[in-house]
file structure-v7.pdb (PDB, C-alpha atoms)
MODEL        1
ATOM      1  CA  MET A   2       3.341 -15.626  28.974
ATOM      2  CA  ARG A   3       5.417 -18.573  30.095
ATOM      3  CA  ARG A   4       7.320 -20.708  27.671
ATOM      4  CA  GLY A   5       5.321 -23.350  25.901
ATOM      5  CA  ALA A   6       1.972 -21.735  26.717
ATOM      6  CA  ILE A   7      -1.169 -22.812  24.917
ATOM      7  CA  VAL A   8      -4.062 -20.381  25.176
ATOM      8  CA  LEU A   9      -7.522 -21.472  24.123
ATOM      9  CA  GLY A  10      -9.365 -18.325  23.008
ATOM     10  CA  LEU A  11     -13.169 -18.472  23.178
ATOM     11  CA  ALA A  12     -15.091 -15.981  21.079
ATOM     12  CA  GLY A  13     -16.964 -13.584  23.354
ATOM     13  CA  ALA A  14     -16.228 -15.606  26.486
ATOM     14  CA  ALA A  15     -13.496 -16.520  28.926
ATOM     15  CA  GLY A  16     -11.083 -19.249  27.866
ATOM     16  CA  LEU A  17      -8.788 -21.649  29.620
ATOM     17  CA  ALA A  18      -5.082 -20.887  29.497
ATOM     18  CA  TYR A  19      -2.830 -23.857  30.026
ATOM     19  CA  LEU A  20       0.430 -22.479  31.353
ATOM     20  CA  GLY A  21       3.133 -25.024  31.926
ATOM     21  CA  GLY A  22       0.516 -27.631  32.782
ATOM     22  CA  ALA A  23      -1.422 -25.387  35.185
ATOM     23  CA  CYS A  24      -4.940 -24.305  34.301
ATOM     24  CA  SER A  25      -5.928 -20.659  34.751
ATOM     25  CA  ARG A  26      -8.699 -18.394  33.476
ATOM     26  CA  SER A  27      -8.018 -16.037  30.568
ATOM     27  CA  VAL A  28     -10.434 -13.394  29.260
ATOM     28  CA  SER A  29      -9.925 -12.449  25.630
ATOM     29  CA  VAL A  30     -12.743 -10.001  24.890
ATOM     30  CA  SER A  31     -12.241  -6.248  24.504
ATOM     31  CA  SER A  32     -13.630  -3.772  27.012
ATOM     32  CA  ALA A  33     -17.022  -2.340  26.150
ATOM     33  CA  GLY A  34     -16.707   0.916  24.247
ATOM     34  CA  ALA A  35     -12.979   0.514  23.589
ATOM     35  CA  PRO A  36     -11.937   1.497  20.056
ATOM     36  CA  ALA A  37     -11.309  -1.444  17.749
ATOM     37  CA  PRO A  38      -7.611  -1.974  16.958
ATOM     38  CA  PRO A  39      -6.562  -1.408  13.334
ATOM     39  CA  LEU A  40      -6.786  -4.724  11.517
ATOM     40  CA  PRO A  41      -5.776  -6.031   8.099
ATOM     41  CA  ALA A  42      -8.610  -5.963   5.602
ATOM     42  CA  GLY A  43     -10.324  -9.170   4.579
ATOM     43  CA  ALA A  44     -10.172 -10.339   0.979
ATOM     44  CA  ALA A  45     -13.459  -8.619   0.121
ATOM     45  CA  THR A  46     -12.308  -5.113   1.041
ATOM     46  CA  VAL A  47      -8.523  -5.169   0.701
ATOM     47  CA  ALA A  48      -8.330  -3.598  -2.778
ATOM     48  CA  GLU A  49     -10.220  -0.524  -1.625
ATOM     49  CA  ARG A  50      -8.029  -0.280   1.489
ATOM     50  CA  LEU A  51      -4.841  -0.424  -0.569
ATOM     51  CA  ASN A  52      -6.100   2.176  -3.014
ATOM     52  CA  THR A  53      -6.627   4.666  -0.196
ATOM     53  CA  SER A  54      -3.555   3.825   1.915
ATOM     54  CA  PRO A  55      -1.382   6.826   2.833
ATOM     55  CA  ARG A  56       1.711   4.630   3.079
ATOM     56  CA  ARG A  57       4.388   4.250   0.443
ATOM     57  CA  GLY A  58       4.464   0.813  -1.124
ATOM     58  CA  GLN A  59       6.724  -0.153  -3.984
ATOM     59  CA  TRP A  60       7.918  -3.169  -5.918
ATOM     60  CA  ALA A  61      11.522  -4.282  -5.508
ATOM     61  CA  MET A  62      13.560  -7.033  -7.111
ATOM     62  CA  ILE A  63      15.713  -8.566  -4.375
ATOM     63  CA  ARG A  64      18.817 -10.579  -5.212
ATOM     64  CA  THR A  65      18.553 -13.824  -3.227
ATOM     65  CA  GLY A  66      21.466 -15.810  -4.644
ATOM     66  CA  PRO A  67      23.970 -15.935  -7.522
ATOM     67  CA  ASN A  68      21.299 -17.217  -9.899
ATOM     68  CA  ASP A  69      17.971 -15.909  -8.631
ATOM     69  CA  SER A  70      16.060 -12.856  -7.522
ATOM     70  CA  VAL A  71      12.636 -12.467  -5.900
ATOM     71  CA  ARG A  72      10.054  -9.792  -6.620
ATOM     72  CA  ALA A  73       8.677  -8.243  -3.422
ATOM     73  CA  TRP A  74       6.193  -5.625  -2.260
ATOM     74  CA  VAL A  75       7.841  -3.291   0.267
ATOM     75  CA  VAL A  76       5.831  -0.918   2.455
ATOM     76  CA  TYR A  77       7.307   1.704   4.755
ATOM     77  CA  PRO A  78       5.763   3.028   7.976
ATOM     78  CA  GLU A  79       5.206   6.692   8.680
ATOM     79  CA  ARG A  80       7.631   7.229  11.570
ATOM     80  CA  SER A  81      10.640   9.402  12.298
ATOM     81  CA  GLY A  82      13.030   6.726  13.591
ATOM     82  CA  LYS A  83      14.293   3.449  12.229
ATOM     83  CA  ALA A  84      11.898   0.506  12.149
ATOM     84  CA  PRO A  85      12.180  -3.284  12.442
ATOM     85  CA  VAL A  86      11.479  -5.376   9.369
ATOM     86  CA  VAL A  87       8.754  -8.011   9.046
ATOM     87  CA  VAL A  88       8.836 -10.477   6.143
ATOM     88  CA  VAL A  89       5.309 -11.541   5.140
ATOM     89  CA  VAL A  90       5.063 -15.033   3.622
ATOM     90  CA  HIS A  91       2.070 -15.595   1.369
ATOM     91  CA  GLU A  92      -0.418 -18.438   1.385
ATOM     92  CA  ILE A  93      -0.422 -21.294  -1.092
ATOM     93  CA  PHE A  94      -2.237 -18.848  -3.414
ATOM     94  CA  GLY A  95       0.893 -16.757  -3.938
ATOM     95  CA  LEU A  96       1.496 -13.047  -3.470
ATOM     96  CA  SER A  97      -2.073 -11.799  -3.700
ATOM     97  CA  THR A  98      -3.595  -8.359  -3.236
ATOM     98  CA  TRP A  99      -4.709  -9.560   0.196
ATOM     99  CA  VAL A 100      -1.125 -10.346   1.271
ATOM    100  CA  ARG A 101      -0.038  -6.895   0.122
ATOM    101  CA  GLY A 102      -2.835  -5.537   2.304
ATOM    102  CA  VAL A 103      -1.421  -7.396   5.299
ATOM    103  CA  ALA A 104       1.961  -5.827   4.588
ATOM    104  CA  ASP A 105       0.337  -2.408   4.431
ATOM    105  CA  GLN A 106      -1.271  -2.941   7.834
ATOM    106  CA  LEU A 107       2.055  -4.005   9.340
ATOM    107  CA  ALA A 108       3.508  -0.749   8.037
ATOM    108  CA  ALA A 109       0.601   1.078   9.652
ATOM    109  CA  ASN A 110       1.643  -0.612  12.906
ATOM    110  CA  GLY A 111       5.182   0.727  12.564
ATOM    111  CA  PHE A 112       7.152  -1.959  10.713
ATOM    112  CA  ILE A 113       8.888  -2.071   7.355
ATOM    113  CA  ALA A 114       6.938  -4.873   5.705
ATOM    114  CA  ILE A 115       8.335  -6.963   2.860
ATOM    115  CA  ALA A 116       6.023  -9.416   1.106
ATOM    116  CA  PRO A 117       8.087 -11.567  -1.294
ATOM    117  CA  ASP A 118       6.647 -13.369  -4.288
ATOM    118  CA  LEU A 119       8.189 -16.793  -3.812
ATOM    119  CA  LEU A 120       6.756 -17.798  -7.201
ATOM    120  CA  THR A 121       8.724 -15.129  -9.078
ATOM    121  CA  ASN A 122       9.160 -16.236 -12.715
ATOM    122  CA  LYS A 123       7.407 -19.536 -11.982
ATOM    123  CA  VAL A 124       3.823 -18.654 -12.969
ATOM    124  CA  GLN A 125       2.048 -16.446 -15.468
ATOM    125  CA  LEU A 126       0.726 -13.370 -13.661
ATOM    126  CA  GLN A 127      -2.643 -11.751 -14.234
ATOM    127  CA  GLY A 128      -2.017  -8.193 -13.173
ATOM    128  CA  ASP A 129       0.070  -8.390 -10.004
ATOM    129  CA  THR A 130      -0.881 -11.949  -9.012
ATOM    130  CA  ALA A 131      -1.241 -15.506 -10.282
ATOM    131  CA  THR A 132      -4.492 -17.414 -10.397
ATOM    132  CA  ASN A 133      -5.119 -19.598  -7.362
ATOM    133  CA  ALA A 134      -4.843 -22.762  -9.438
ATOM    134  CA  ALA A 135      -1.542 -21.763 -11.031
ATOM    135  CA  ALA A 136      -0.074 -20.623  -7.725
ATOM    136  CA  THR A 137      -1.133 -23.780  -5.889
ATOM    137  CA  ALA A 138       0.444 -25.998  -8.541
ATOM    138  CA  ALA A 139       3.660 -23.967  -8.591
ATOM    139  CA  ILE A 140       4.011 -23.920  -4.790
ATOM    140  CA  ARG A 141       4.262 -27.712  -4.833
ATOM    141  CA  THR A 142       7.339 -27.532  -7.064
ATOM    142  CA  LEU A 143       9.353 -25.290  -4.716
ATOM    143  CA  ASN A 144      12.445 -26.609  -2.985
ATOM    144  CA  ALA A 145      12.211 -25.924   0.762
ATOM    145  CA  ASP A 146      15.938 -25.194   1.087
ATOM    146  CA  ASP A 147      15.745 -22.654  -1.730
ATOM    147  CA  VAL A 148      12.739 -20.979  -0.123
ATOM    148  CA  GLN A 149      14.523 -20.655   3.210
ATOM    149  CA  ARG A 150      17.675 -19.329   1.542
ATOM    150  CA  GLN A 151      15.612 -16.723  -0.272
ATOM    151  CA  LEU A 152      13.769 -15.681   2.889
ATOM    152  CA  ALA A 153      17.048 -15.258   4.756
ATOM    153  CA  ALA A 154      18.364 -13.092   1.906
ATOM    154  CA  ILE A 155      15.182 -11.015   1.985
ATOM    155  CA  GLY A 156      15.605 -10.528   5.721
ATOM    156  CA  GLN A 157      19.180  -9.345   5.120
ATOM    157  CA  TYR A 158      17.971  -6.995   2.393
ATOM    158  CA  GLY A 159      15.362  -5.540   4.747
ATOM    159  CA  MET A 160      17.860  -4.972   7.538
ATOM    160  CA  SER A 161      20.215  -3.222   5.079
ATOM    161  CA  LEU A 162      17.650  -0.524   4.253
ATOM    162  CA  PRO A 163      18.700   2.885   5.616
ATOM    163  CA  SER A 164      15.481   3.229   7.635
ATOM    164  CA  ALA A 165      15.658  -0.273   9.179
ATOM    165  CA  VAL A 166      17.036  -1.613  12.432
ATOM    166  CA  LYS A 167      19.218  -4.717  12.259
ATOM    167  CA  ARG A 168      16.505  -7.149  13.271
ATOM    168  CA  TYR A 169      13.638  -8.781  11.441
ATOM    169  CA  GLY A 170      10.631 -10.952  12.096
ATOM    170  CA  ILE A 171       8.630 -13.257   9.875
ATOM    171  CA  VAL A 172       4.914 -13.993   9.631
ATOM    172  CA  GLY A 173       3.149 -16.396   7.315
ATOM    173  CA  TYR A 174      -0.304 -17.722   6.509
ATOM    174  CA  CYS A 175      -1.346 -21.323   5.783
ATOM    175  CA  TRP A 176       1.533 -22.631   3.618
ATOM    176  CA  GLY A 177       3.377 -19.468   4.580
ATOM    177  CA  GLY A 178       2.699 -20.164   8.249
ATOM    178  CA  GLY A 179       4.448 -23.505   8.047
ATOM    179  CA  THR A 180       7.256 -21.833   6.107
ATOM    180  CA  SER A 181       7.591 -19.209   8.861
ATOM    181  CA  PHE A 182       7.897 -21.932  11.503
ATOM    182  CA  GLN A 183      10.559 -23.605   9.363
ATOM    183  CA  HIS A 184      12.347 -20.252   9.231
ATOM    184  CA  ALA A 185      12.467 -20.299  13.032
ATOM    185  CA  VAL A 186      14.045 -23.755  12.771
ATOM    186  CA  ARG A 187      16.729 -22.261  10.524
ATOM    187  CA  SER A 188      17.001 -19.101  12.713
ATOM    188  CA  PRO A 189      19.299 -17.179  10.351
ATOM    189  CA  ALA A 190      21.288 -14.164  11.534
ATOM    190  CA  GLY A 191      19.071 -11.208  12.403
ATOM    191  CA  LEU A 192      15.849 -13.145  12.871
ATOM    192  CA  GLY A 193      14.154 -12.118  16.113
ATOM    193  CA  ALA A 194      10.670 -13.673  16.056
ATOM    194  CA  SER A 195       8.342 -15.895  14.025
ATOM    195  CA  VAL A 196       4.536 -15.732  13.853
ATOM    196  CA  VAL A 197       2.628 -18.707  12.438
ATOM    197  CA  TYR A 198      -0.962 -18.288  11.265
ATOM    198  CA  TYR A 199      -2.651 -21.718  10.956
ATOM    199  CA  GLY A 200       0.436 -23.307   9.422
ATOM    200  CA  PRO A 201       1.732 -26.855   9.944
ATOM    201  CA  SER A 202       4.311 -27.461  12.657
ATOM    202  CA  PRO A 203       7.764 -28.810  11.791
ATOM    203  CA  ASP A 204       8.721 -32.361  12.664
ATOM    204  CA  THR A 205       9.477 -32.341  16.382
ATOM    205  CA  SER A 206      12.980 -33.666  15.704
ATOM    206  CA  MET A 207      13.793 -30.249  14.213
ATOM    207  CA  LEU A 208      12.572 -28.092  17.086
ATOM    208  CA  GLY A 209      15.864 -28.166  18.957
ATOM    209  CA  ASN A 210      17.251 -25.831  16.279
ATOM    210  CA  VAL A 211      14.743 -23.052  17.017
ATOM    211  CA  LYS A 212      16.514 -20.014  18.469
ATOM    212  CA  VAL A 213      13.748 -17.380  18.374
ATOM    213  CA  PRO A 214      10.330 -17.020  20.028
ATOM    214  CA  VAL A 215       7.410 -18.457  18.046
ATOM    215  CA  LEU A 216       3.773 -17.333  18.226
ATOM    216  CA  GLY A 217       1.156 -19.710  16.800
ATOM    217  CA  LEU A 218      -2.359 -18.469  15.942
ATOM    218  CA  TYR A 219      -4.808 -21.234  15.062
ATOM    219  CA  ALA A 220      -8.432 -21.563  13.999
ATOM    220  CA  GLY A 221     -10.591 -23.606  16.343
ATOM    221  CA  ASP A 222     -12.211 -25.432  13.404
ATOM    222  CA  ASP A 223      -8.964 -26.622  11.834
ATOM    223  CA  ALA A 224      -8.347 -30.129  13.168
ATOM    224  CA  ARG A 225      -5.822 -31.067  10.477
ATOM    225  CA  ILE A 226      -3.404 -28.307  11.502
ATOM    226  CA  ASN A 227      -4.238 -28.297  15.205
ATOM    227  CA  ALA A 228      -3.575 -31.995  15.743
ATOM    228  CA  ALA A 229       0.194 -31.428  15.859
ATOM    229  CA  VAL A 230       0.174 -28.367  18.139
ATOM    230  CA  PRO A 231       0.029 -30.123  21.561
ATOM    231  CA  ARG A 232       3.014 -32.306  20.686
ATOM    232  CA  THR A 233       4.890 -29.266  19.371
ATOM    233  CA  ASP A 234       4.141 -27.426  22.602
ATOM    234  CA  THR A 235       5.334 -30.353  24.724
ATOM    235  CA  VAL A 236       8.625 -30.668  22.869
ATOM    236  CA  MET A 237       9.264 -26.913  22.751
ATOM    237  CA  LYS A 238       8.620 -26.716  26.480
ATOM    238  CA  ARG A 239      10.941 -29.623  27.204
ATOM    239  CA  LEU A 240      13.658 -27.961  25.150
ATOM    240  CA  GLY A 241      13.195 -24.626  26.896
ATOM    241  CA  LYS A 242      12.017 -22.890  23.716
ATOM    242  CA  SER A 243       9.576 -19.978  23.651
ATOM    243  CA  TYR A 244       6.313 -21.067  21.984
ATOM    244  CA  GLU A 245       2.946 -19.436  22.563
ATOM    245  CA  ALA A 246      -0.136 -20.903  20.850
ATOM    246  CA  HIS A 247      -3.657 -19.468  20.702
ATOM    247  CA  PHE A 248      -6.789 -21.154  19.375
ATOM    248  CA  PHE A 249      -9.886 -19.167  18.357
ATOM    249  CA  GLU A 250     -13.121 -21.068  18.783
ATOM    250  CA  GLY A 251     -15.425 -21.274  15.772
ATOM    251  CA  ALA A 252     -12.918 -19.719  13.367
ATOM    252  CA  GLY A 253     -11.963 -21.512  10.179
ATOM    253  CA  HIS A 254      -8.644 -22.059   8.429
ATOM    254  CA  GLY A 255      -7.591 -18.820   6.741
ATOM    255  CA  PHE A 256      -9.650 -16.670   9.101
ATOM    256  CA  LEU A 257      -7.567 -13.509   8.656
ATOM    257  CA  ARG A 258      -8.287 -13.471   4.915
ATOM    258  CA  ALA A 259     -11.860 -14.776   5.181
ATOM    259  CA  GLN A 260     -13.165 -12.278   7.736
ATOM    260  CA  ASP A 261     -16.244 -11.363   5.739
ATOM    261  CA  GLY A 262     -19.318 -13.505   6.176
ATOM    262  CA  ARG A 263     -18.180 -15.539   9.198
ATOM    263  CA  GLU A 264     -18.471 -13.820  12.544
ATOM    264  CA  ALA A 265     -16.037 -16.166  14.305
ATOM    265  CA  ASN A 266     -13.383 -15.338  11.711
ATOM    266  CA  ARG A 267     -13.831 -11.626  12.357
ATOM    267  CA  LEU A 268     -13.625 -12.139  16.116
ATOM    268  CA  ALA A 269     -10.514 -14.274  15.700
ATOM    269  CA  THR A 270      -8.911 -11.523  13.616
ATOM    270  CA  GLU A 271      -9.751  -8.919  16.255
ATOM    271  CA  ARG A 272      -7.809 -10.916  18.827
ATOM    272  CA  ALA A 273      -5.050 -12.444  16.706
ATOM    273  CA  TRP A 274      -3.801  -9.249  15.107
ATOM    274  CA  PRO A 275      -3.101  -7.323  18.347
ATOM    275  CA  LEU A 276      -1.246 -10.418  19.600
ATOM    276  CA  THR A 277       0.842 -10.362  16.428
ATOM    277  CA  VAL A 278       1.744  -6.690  16.701
ATOM    278  CA  ALA A 279       2.532  -6.922  20.425
ATOM    279  CA  PHE A 280       4.702 -10.006  19.849
ATOM    280  CA  PHE A 281       6.764  -8.287  17.177
ATOM    281  CA  ARG A 282       7.103  -5.116  19.198
ATOM    282  CA  ARG A 283       8.287  -7.122  22.199
ATOM    283  CA  HIS A 284      10.867  -9.168  20.330
ATOM    284  CA  LEU A 285      11.969  -6.790  17.577
ATOM    285  CA  GLY A 286      12.181  -3.666  19.699
ATOM    286  CA  ALA A 287       9.691  -1.560  17.732
TER     287      ALA A 287
ENDMDL
END
call {"tool": "encode", "arguments": {"input": "structure-v7.pdb", "output": "structure tokens"}}
result
Amino acid sequence: MRRGAIVLGLAGAAGLAYLGGACSRSVSVSSAGAPAPPLPAGAATVAERLNTSPRRGQWAMIRTGPNDSVRAWVVYPERSGKAPVVVVVHEIFGLSTWVRGVADQLAANGFIAIAPDLLTNKVQLQGDTATNAAATAAIRTLNADDVQRQLAAIGQYGMSLPSAVKRYGIVGYCWGGGTSFQHAVRSPAGLGASVVYYGPSPDTSMLGNVKVPVLGLYAGDDARINAAVPRTDTVMKRLGKSYEAHFFEGAGHGFLRAQDGREANRLATERAWPLTVAFFRRHLGA
């Protein structure tokens, strides 16, 4: 994929790939009879998936500064060698069971996955998570610089684990997607790649600071988020930055979580997740 590529994915059909201004044909559907790739569970089935997972997940309290720590769910892959780290940034709804399920699937794909609770000590938990209303209100009080400092510290923590390689990636969803793109703007030491699921793009004046490849995965029916993507692509291309964007026709915002009950969301997940895994393997050396 060339730098600054925008790929328009069409569910069940061929799409148009715009590569550096040239138009070419791109087919996104799987071959008939091919086994489906392992995918994260949707919100409706994630609890059952986690309960039967063979992987080792555990809670950790990670020191992220002289005066704060962040609770995180850490999941290890079943592999003999060292593994790259992927930091999983939650939606505006906080560190939910669904986000922990995404981390578990990343571990199934061979990564050490760390899903931090960026609302640690900021909301009242019910079980392991906050209510959507409480999380949404608390997210709006976060300081962006503090969040990025904490994420960089979590990346350093992950790379310091005995079973980890010294490289990490980041992936986020909705609010977390925008936060992951901002992390690429910061590009702290050790960061190797950023994946953005339907998250807002940074102001284009900040894109010159990006030092790592960025993969953007967007719902076709998400005009609010998608409106900024062409401009982002233009500026990233002009700056010589690596930015690859895919749109999935008919899918709605939050499609990876909301797979159940909307066919286009399921089809988008089937194509977006293999792109995510391949991107991390390419840039993190898994």
call {"tool": "residues_around", "arguments": {"input": "structure-v7.pdb", "residues": "Glu264 (chain A)", "least_positions_apart": "2", "cutoff": "12 Å", "atoms": "only C-alpha atoms", "output": "number ranges by chain"}}
result
A: 12-13, 249-253, 256-257, 259-262, 266-271
call {"tool": "residues_around", "arguments": {"input": "structure-v7.pdb", "residues": "Lys167 (chain A)", "least_positions_apart": "2", "cutoff": "8 Å", "atoms": "all atoms listed in the file", "output": "ChimeraX atom specification"}}
result
/A:85,160-161,165,169,191
call {"tool": "atom_distance", "arguments": {"input": "structure-v7.pdb", "atom1": "CA of Thr137 (chain A)", "atom2": "CA of Gly102 (chain A)"}}
result
20.1 Å
call {"tool": "atom_distance", "arguments": {"input": "structure-v7.pdb", "atom1": "CA of Ala108 (chain A)", "atom2": "CA of Leu162 (chain A)"}}
result
14.6 Å
call {"tool": "atom_distance", "arguments": {"input": "structure-v7.pdb", "atom1": "CA of Val197 (chain A)", "atom2": "CA of Ala220 (chain A)"}}
result
11.5 Å
call {"tool": "resolve_selection", "arguments": {"input": "structure-v7.pdb", "expression": "the PyMOL selection byres ((chain A and resi 127-135) around 6)", "output": "list in words"}}
result
Phe94, Ser97, Leu126, Ala136, Thr137 and Ala138 of chain A
call {"tool": "resolve_selection", "arguments": {"input": "structure-v7.pdb", "expression": "the PyMOL selection byres ((chain A and resi 175) around 6)", "output": "PDB file with C-alpha atoms, in the coordinates of the input"}}
result
ATOM      1  CA  GLU A  92      -0.418 -18.438   1.385  1.00  0.00           C
ATOM      2  CA  TYR A 174      -0.304 -17.722   6.509  1.00  0.00           C
ATOM      3  CA  TRP A 176       1.533 -22.631   3.618  1.00  0.00           C
ATOM      4  CA  GLY A 177       3.377 -19.468   4.580  1.00  0.00           C
ATOM      5  CA  GLY A 178       2.699 -20.164   8.249  1.00  0.00           C
ATOM      6  CA  TYR A 199      -2.651 -21.718  10.956  1.00  0.00           C
ATOM      7  CA  GLY A 200       0.436 -23.307   9.422  1.00  0.00           C
TER       8      GLY A 200
END
call {"tool": "build_atoms", "arguments": {"input": "structure-v7.pdb", "residues": "region 267-275 of chain A", "atoms": "all heavy atoms", "output": "PDB file, keeping the file's coordinate frame"}}
result
ATOM      1  N   ARG A 267     -14.064 -13.034  12.027  1.00  0.00           N
ATOM      2  CA  ARG A 267     -13.831 -11.626  12.357  1.00  0.00           C
ATOM      3  C   ARG A 267     -13.377 -11.485  13.805  1.00  0.00           C
ATOM      4  O   ARG A 267     -12.436 -10.739  14.107  1.00  0.00           O
ATOM      5  CB  ARG A 267     -15.098 -10.808  12.119  1.00  0.00           C
ATOM      6  CG  ARG A 267     -14.907  -9.311  12.365  1.00  0.00           C
ATOM      7  CD  ARG A 267     -16.222  -8.559  12.227  1.00  0.00           C
ATOM      8  NE  ARG A 267     -17.195  -8.984  13.217  1.00  0.00           N
ATOM      9  CZ  ARG A 267     -17.196  -8.572  14.494  1.00  0.00           C
ATOM     10  NH1 ARG A 267     -16.252  -7.757  14.936  1.00  0.00           N
ATOM     11  NH2 ARG A 267     -18.121  -8.989  15.327  1.00  0.00           N
ATOM     12  N   LEU A 268     -14.017 -12.211  14.706  1.00  0.00           N
ATOM     13  CA  LEU A 268     -13.625 -12.139  16.116  1.00  0.00           C
ATOM     14  C   LEU A 268     -12.211 -12.678  16.322  1.00  0.00           C
ATOM     15  O   LEU A 268     -11.439 -12.138  17.117  1.00  0.00           O
ATOM     16  CB  LEU A 268     -14.622 -12.931  16.965  1.00  0.00           C
ATOM     17  CG  LEU A 268     -16.027 -12.340  17.083  1.00  0.00           C
ATOM     18  CD1 LEU A 268     -16.959 -13.315  17.777  1.00  0.00           C
ATOM     19  CD2 LEU A 268     -16.000 -11.008  17.824  1.00  0.00           C
ATOM     20  N   ALA A 269     -11.870 -13.735  15.601  1.00  0.00           N
ATOM     21  CA  ALA A 269     -10.514 -14.274  15.700  1.00  0.00           C
ATOM     22  C   ALA A 269      -9.493 -13.252  15.220  1.00  0.00           C
ATOM     23  O   ALA A 269      -8.425 -13.072  15.827  1.00  0.00           O
ATOM     24  CB  ALA A 269     -10.403 -15.561  14.885  1.00  0.00           C
ATOM     25  N   THR A 270      -9.807 -12.561  14.138  1.00  0.00           N
ATOM     26  CA  THR A 270      -8.911 -11.523  13.616  1.00  0.00           C
ATOM     27  C   THR A 270      -8.725 -10.404  14.625  1.00  0.00           C
ATOM     28  O   THR A 270      -7.608  -9.916  14.831  1.00  0.00           O
ATOM     29  CB  THR A 270      -9.469 -10.962  12.296  1.00  0.00           C
ATOM     30  OG1 THR A 270      -9.536 -12.018  11.327  1.00  0.00           O
ATOM     31  CG2 THR A 270      -8.611  -9.841  11.761  1.00  0.00           C
ATOM     32  N   GLU A 271      -9.815 -10.005  15.276  1.00  0.00           N
ATOM     33  CA  GLU A 271      -9.751  -8.919  16.255  1.00  0.00           C
ATOM     34  C   GLU A 271      -8.840  -9.259  17.424  1.00  0.00           C
ATOM     35  O   GLU A 271      -8.281  -8.361  18.056  1.00  0.00           O
ATOM     36  CB  GLU A 271     -11.152  -8.589  16.772  1.00  0.00           C
ATOM     37  CG  GLU A 271     -12.022  -7.885  15.756  1.00  0.00           C
ATOM     38  CD  GLU A 271     -13.414  -7.584  16.297  1.00  0.00           C
ATOM     39  OE1 GLU A 271     -13.709  -7.991  17.456  1.00  0.00           O
ATOM     40  OE2 GLU A 271     -14.197  -6.945  15.571  1.00  0.00           O
ATOM     41  N   ARG A 272      -8.673 -10.531  17.718  1.00  0.00           N
ATOM     42  CA  ARG A 272      -7.809 -10.916  18.827  1.00  0.00           C
ATOM     43  C   ARG A 272      -6.419 -11.334  18.356  1.00  0.00           C
ATOM     44  O   ARG A 272      -5.425 -11.084  19.029  1.00  0.00           O
ATOM     45  CB  ARG A 272      -8.464 -12.046  19.627  1.00  0.00           C
ATOM     46  CG  ARG A 272      -9.806 -11.615  20.207  1.00  0.00           C
ATOM     47  CD  ARG A 272     -10.094 -12.253  21.538  1.00  0.00           C
ATOM     48  NE  ARG A 272      -9.989 -13.696  21.495  1.00  0.00           N
ATOM     49  CZ  ARG A 272     -10.930 -14.510  21.030  1.00  0.00           C
ATOM     50  NH1 ARG A 272     -12.037 -14.025  20.507  1.00  0.00           N
ATOM     51  NH2 ARG A 272     -10.759 -15.814  21.072  1.00  0.00           N
ATOM     52  N   ALA A 273      -6.350 -11.958  17.181  1.00  0.00           N
ATOM     53  CA  ALA A 273      -5.050 -12.444  16.706  1.00  0.00           C
ATOM     54  C   ALA A 273      -4.131 -11.307  16.278  1.00  0.00           C
ATOM     55  O   ALA A 273      -2.921 -11.361  16.536  1.00  0.00           O
ATOM     56  CB  ALA A 273      -5.264 -13.419  15.544  1.00  0.00           C
ATOM     57  N   TRP A 274      -4.682 -10.294  15.628  1.00  0.00           N
ATOM     58  CA  TRP A 274      -3.801  -9.249  15.107  1.00  0.00           C
ATOM     59  C   TRP A 274      -3.116  -8.448  16.217  1.00  0.00           C
ATOM     60  O   TRP A 274      -1.889  -8.226  16.137  1.00  0.00           O
ATOM     61  CB  TRP A 274      -4.547  -8.320  14.153  1.00  0.00           C
ATOM     62  CG  TRP A 274      -3.597  -7.413  13.438  1.00  0.00           C
ATOM     63  CD1 TRP A 274      -3.379  -6.077  13.657  1.00  0.00           C
ATOM     64  CD2 TRP A 274      -2.676  -7.795  12.408  1.00  0.00           C
ATOM     65  NE1 TRP A 274      -2.392  -5.602  12.830  1.00  0.00           N
ATOM     66  CE2 TRP A 274      -1.944  -6.627  12.055  1.00  0.00           C
ATOM     67  CE3 TRP A 274      -2.392  -8.998  11.754  1.00  0.00           C
ATOM     68  CZ2 TRP A 274      -0.956  -6.656  11.068  1.00  0.00           C
ATOM     69  CZ3 TRP A 274      -1.409  -9.016  10.793  1.00  0.00           C
ATOM     70  CH2 TRP A 274      -0.702  -7.854  10.454  1.00  0.00           C
ATOM     71  N   PRO A 275      -3.821  -8.005  17.253  1.00  0.00           N
ATOM     72  CA  PRO A 275      -3.101  -7.323  18.347  1.00  0.00           C
ATOM     73  C   PRO A 275      -2.037  -8.204  18.993  1.00  0.00           C
ATOM     74  O   PRO A 275      -0.986  -7.706  19.401  1.00  0.00           O
ATOM     75  CB  PRO A 275      -4.217  -6.975  19.338  1.00  0.00           C
ATOM     76  CG  PRO A 275      -5.444  -6.879  18.502  1.00  0.00           C
ATOM     77  CD  PRO A 275      -5.284  -7.939  17.452  1.00  0.00           C
TER      78      PRO A 275
END
